[in-house]
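In what follows, a single structure is set out as structure tokens and then discussed.
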Amino acid sequence: MKKQISVIVGAVVLLGATSGYAATNWGTRAGSSADLSGAPATRTREKVNYEKYQTRTTTKTYESRDAGDLYYTKPANRSALYKQYDSANSSSAKSSKTTVRTSRSEVVVNKMKRKYYLAHPFYQPLKGDFGSVTDFSYAMNSYDFTINQTLEIAADNPLPLNGLGGKWDMTQFAVKEDFSYGITDRIAILAMAQYDSSEYKFEWDDGFPDDKMDDDGFNLFGLGAQWRFIDNDKWIATASAYYQHQNDVSDNFILDLKAGYKVSNSTIYGLARGWYLSLDGNSYGNGIEGTDNDGNYALMYIPYQVGDDSAIYIEGGAGVFSVLSEDWTLNLEAVFGNYDWHTQASVRGALGWQPNDWFALNLYVKTAFYDSADDKKLDLYWYEPTISELSTLTKIGTAKLDNYGETSVGLQVMFQF
């Protein structure tokens, strides 16, 4: 029966086609998504005013005496500056007077310039300013599965799937744009869009050819607002709300809260996020469909959830953002989340370079190091109209998952103007 589905493959979500990977900063955090934050992400993003070297001190004053490299060198005597008049006929010529002068005391004030780090997790543009984050990312999501068929089919129409194993794999290149504008110094609005190119693939252990499908297009759009309601010499906090639409998948409503404490040249922060997903149907997951050489159609479907037209994701975590030098920054973040059908723990690291006030590059890597999807059994459905027992989408057994993994790498190009 495997031969009947080895022609065409589709990633079936909501009993339709999926857009796969969600946003790098904000977005749907489905099990089939390679977005580790789900989010919003990731997230786009949220930002803060940050001192170039330290947060709490804006000026430094010190006194310099006899600083030869500042103004002039202390002369040994007055004649080192100019000759005193003397005359050969003057009785005083033999013993000219010298006057010793000490250098004056100079007060030097070193004023530190405030620098906004565009890669800061609390950043958002000030009143009248625009912010742009273009995110180029490559994401991978995969899991192994083993089929346990429990439904018996008529002998003349066998469905020998029991014990068959394989691997589901998704790779995706995405370009996501977050464009923000400061309404006030504390409130900003944000618009986002994403274009992605994805490949979905089932790799079979029995030697059959891989089933795969490509999907390209603009699959994510959204609007949101950010409010930095605390920002002083010690604390900073933001609240953000977003709406996102993922084509053929869901409408997403997202709330993001972050609070940070400023210490020296770092900000230590915690975060909490929640998603409400209004699904386009009553199920979402992965599947394959196709026809054999005789034109017989078949569909295999492994849903993550069946029966509900909505889902809720919740995650929390902690991170630190540090200024390594005037132009270099480091951001480390750990997150644990419950994503409807599984839980996951992930880490993210980002290295930023910002040579001036209006341009920055941020290179990041994100990966999951724990996922409850391992050893989880998901229902397995089959539809094949030429077989009476399968004339409707029917549960025929389970698929046991193993080695679930998600990883993404990306480069963010940031501008403020």
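Each chain in the structure tokens gets a letter, A, B and so on, in the order shown; residues start at 1 in every chain, and ligands are counted from 1 in the order they appear.
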
- Counting only C-alpha atoms, what is within 9 Å of Gly274 of chain A, bar same-chain residues fewer than 4 positions away, as an MDAnalysis selection string? chainID A and resid 253:256 312:316

- Query: Leaving out segment 409-411 of chain A and any residue of its chain fewer than 2 positions from it, which residues lie within 6 Å of it when counting only C-alpha atoms, given as a list of chain:residue names?
  - Reply: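 In the requested format, the answer is A:Asp135, A:Phe136, A:Ser137, A:Tyr138, A:Asn362, A:Leu363, A:Tyr364, A:Val365.
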
Can you list every residue of segment 231-341 of chain A that has an atom at most 10 Å from segment 201-207 of chain A, with its nearest atom pair and the distance in Å to one decimal, using only C-alpha atoms, ordered by chain then number, as a tab-separated table?
residue	atom	partner	partner_atom	distance
A:Asn286	CA	A:Phe202	CA	9.8
A:Gly287	CA	A:Phe202	CA	8.8
A:Ile288	CA	A:Phe202	CA	8.0

Writing out the chosen residues with N, CA, C and O atoms as a PDB file, in the first residue's frame:
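The resulting file, result_5.pdb, is reproduced below:
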ATOM      1  N   ASN A 286       0.834  16.824  10.163  1.00  0.00           N
ATOM      2  CA  ASN A 286       1.588  16.561   8.942  1.00  0.00           C
ATOM      3  C   ASN A 286       1.038  15.325   8.241  1.00  0.00           C
ATOM      4  O   ASN A 286       0.554  14.390   8.881  1.00  0.00           O
ATOM      5  N   GLY A 287       1.133  15.324   6.909  1.00  0.00           N
ATOM      6  CA  GLY A 287       0.643  14.171   6.166  1.00  0.00           C
ATOM      7  C   GLY A 287       1.171  14.142   4.753  1.00  0.00           C
ATOM      8  O   GLY A 287       1.892  15.037   4.319  1.00  0.00           O
ATOM      9  N   ILE A 288       0.826  13.083   4.038  1.00  0.00           N
ATOM     10  CA  ILE A 288       1.197  12.937   2.633  1.00  0.00           C
ATOM     11  C   ILE A 288      -0.020  12.466   1.853  1.00  0.00           C
ATOM     12  O   ILE A 288      -0.881  11.755   2.368  1.00  0.00           O
TER      13      ILE A 288
END

- Interatomic distance, atom CA of Phe179 of chain A to atom CA of His120 of chain A (Å, one decimal): 15.8 Å

- Top pick for closest residue to Phe122 of chain A, considering A:Glu326, A:Asp371, A:Asp280, A:Asp231 and counting only C-alpha atoms: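 Of the candidates, the smallest distance to Phe122 of chain A is held by A:Asp231.
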
- Return the single residue from A:Leu151, A:Ala272, A:Ala239, A:Ala399 that is closest to Gly337 of chain A, with distances computed using only C-alpha atoms.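 Counting only C-alpha atoms, the residue closest to Gly337 of chain A is A:Ala272.
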
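When the distance limit is 12 Å and only C-alpha atoms are what count, the residues near Asp402 of chain A, minus those fewer than 3 positions from it on the same chain, are Ser142, Tyr143, Asp144, Phe145, Thr146, Ile147, Gly165, Gly166, Lys167, Trp168, Tyr370, Asp371, Ser372, Ala373, Asp374, Asp375, Lys376, Lys377, Leu378, Ala399 and Gly405 of chain A.
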
- Query: In Å, with one decimal, what is the gap from atom CA of Met213 of chain A to atom CA of Tyr297 of chain A?
  - Reply: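 Calculated distance between atom CA of Met213 of chain A and atom CA of Tyr297 of chain A is 16.5 Å.
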
- DSSP strand (DSSP E or B) residues within segment 205-361 of chain A, listed as an MDAnalysis selection string: chainID A and resid 211:231 235:246 250:263 266:279 283:291 297:306 310:323 328:339 343:353 359:361

- Query: What's the 12 Å shell around Tyr117 of chain A, counting only C-alpha atoms, without same-chain residues fewer than 5 positions away, as an NGL selection string?
  - Reply: :A and (46-53 or 122-125 or 131 or 265-267 or 321-331 or 352-362 or 414-416)

Would you save the residues of that selection, restricted to C-alpha atoms, as a short mmCIF file (atom, residue, chain, number, x, y, z; two decimals), in the first residue's frame?
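Wrote it out as again_2.cif, contents follow:
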data_model
loop_
_atom_site.label_atom_id
_atom_site.label_comp_id
_atom_site.auth_asym_id
_atom_site.auth_seq_id
_atom_site.Cartn_x
_atom_site.Cartn_y
_atom_site.Cartn_z
CA GLU A 46 11.30 45.08 21.51
CA LYS A 47 14.07 47.46 22.52
CA VAL A 48 15.62 49.82 25.13
CA ASN A 49 17.72 52.88 25.68
CA TYR A 50 21.13 51.62 26.74
CA GLU A 51 24.28 53.44 27.82
CA LYS A 52 27.37 52.92 25.70
CA TYR A 53 29.40 51.56 28.61
CA PHE A 122 13.74 45.80 24.93
CA TYR A 123 14.49 48.09 22.01
CA GLN A 124 11.77 50.09 20.31
CA PRO A 125 12.06 53.35 18.33
CA GLY A 131 12.91 50.84 13.13
CA ASN A 265 26.74 47.09 31.26
CA SER A 266 24.14 44.27 31.26
CA THR A 267 20.39 43.78 31.55
CA PHE A 321 21.94 41.14 27.33
CA SER A 322 25.49 42.46 27.74
CA VAL A 323 27.57 45.17 26.07
CA LEU A 324 30.95 43.55 25.45
CA SER A 325 32.50 46.73 24.05
CA GLU A 326 31.29 49.90 22.41
CA ASP A 327 30.24 48.08 19.21
CA TRP A 328 29.71 44.44 20.28
CA THR A 329 26.86 42.85 22.24
CA LEU A 330 25.90 39.36 23.44
CA ASN A 331 22.40 38.05 24.19
CA GLY A 352 25.55 41.71 17.71
CA TRP A 353 27.73 44.29 15.98
CA GLN A 354 26.67 47.95 15.89
CA PRO A 355 29.28 50.44 14.61
CA ASN A 356 26.99 53.48 14.85
CA ASP A 357 23.57 54.60 16.07
CA TRP A 358 21.53 53.57 13.02
CA PHE A 359 22.83 50.19 11.77
CA ALA A 360 23.43 46.78 13.36
CA LEU A 361 23.91 43.12 12.49
CA ASN A 362 22.78 40.33 14.83
CA MET A 414 18.70 46.32 11.69
CA PHE A 415 18.19 50.00 10.90
CA GLN A 416 16.94 53.00 12.85
#

- Task: May I ask which of the residues A:Trp227, A:Phe369, A:Tyr116, A:Tyr304 is the closest one to Gly285 of chain A, counting only C-alpha atoms?
- Result: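 Distance minimum relative to Gly285 of chain A lands on A:Tyr304.
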
- Message: Could you tell me how far atom CA of Leu220 of chain A sits from atom CA of Gln244 of chain A, in Å to one decimal place?
- Response: 6.9 Å
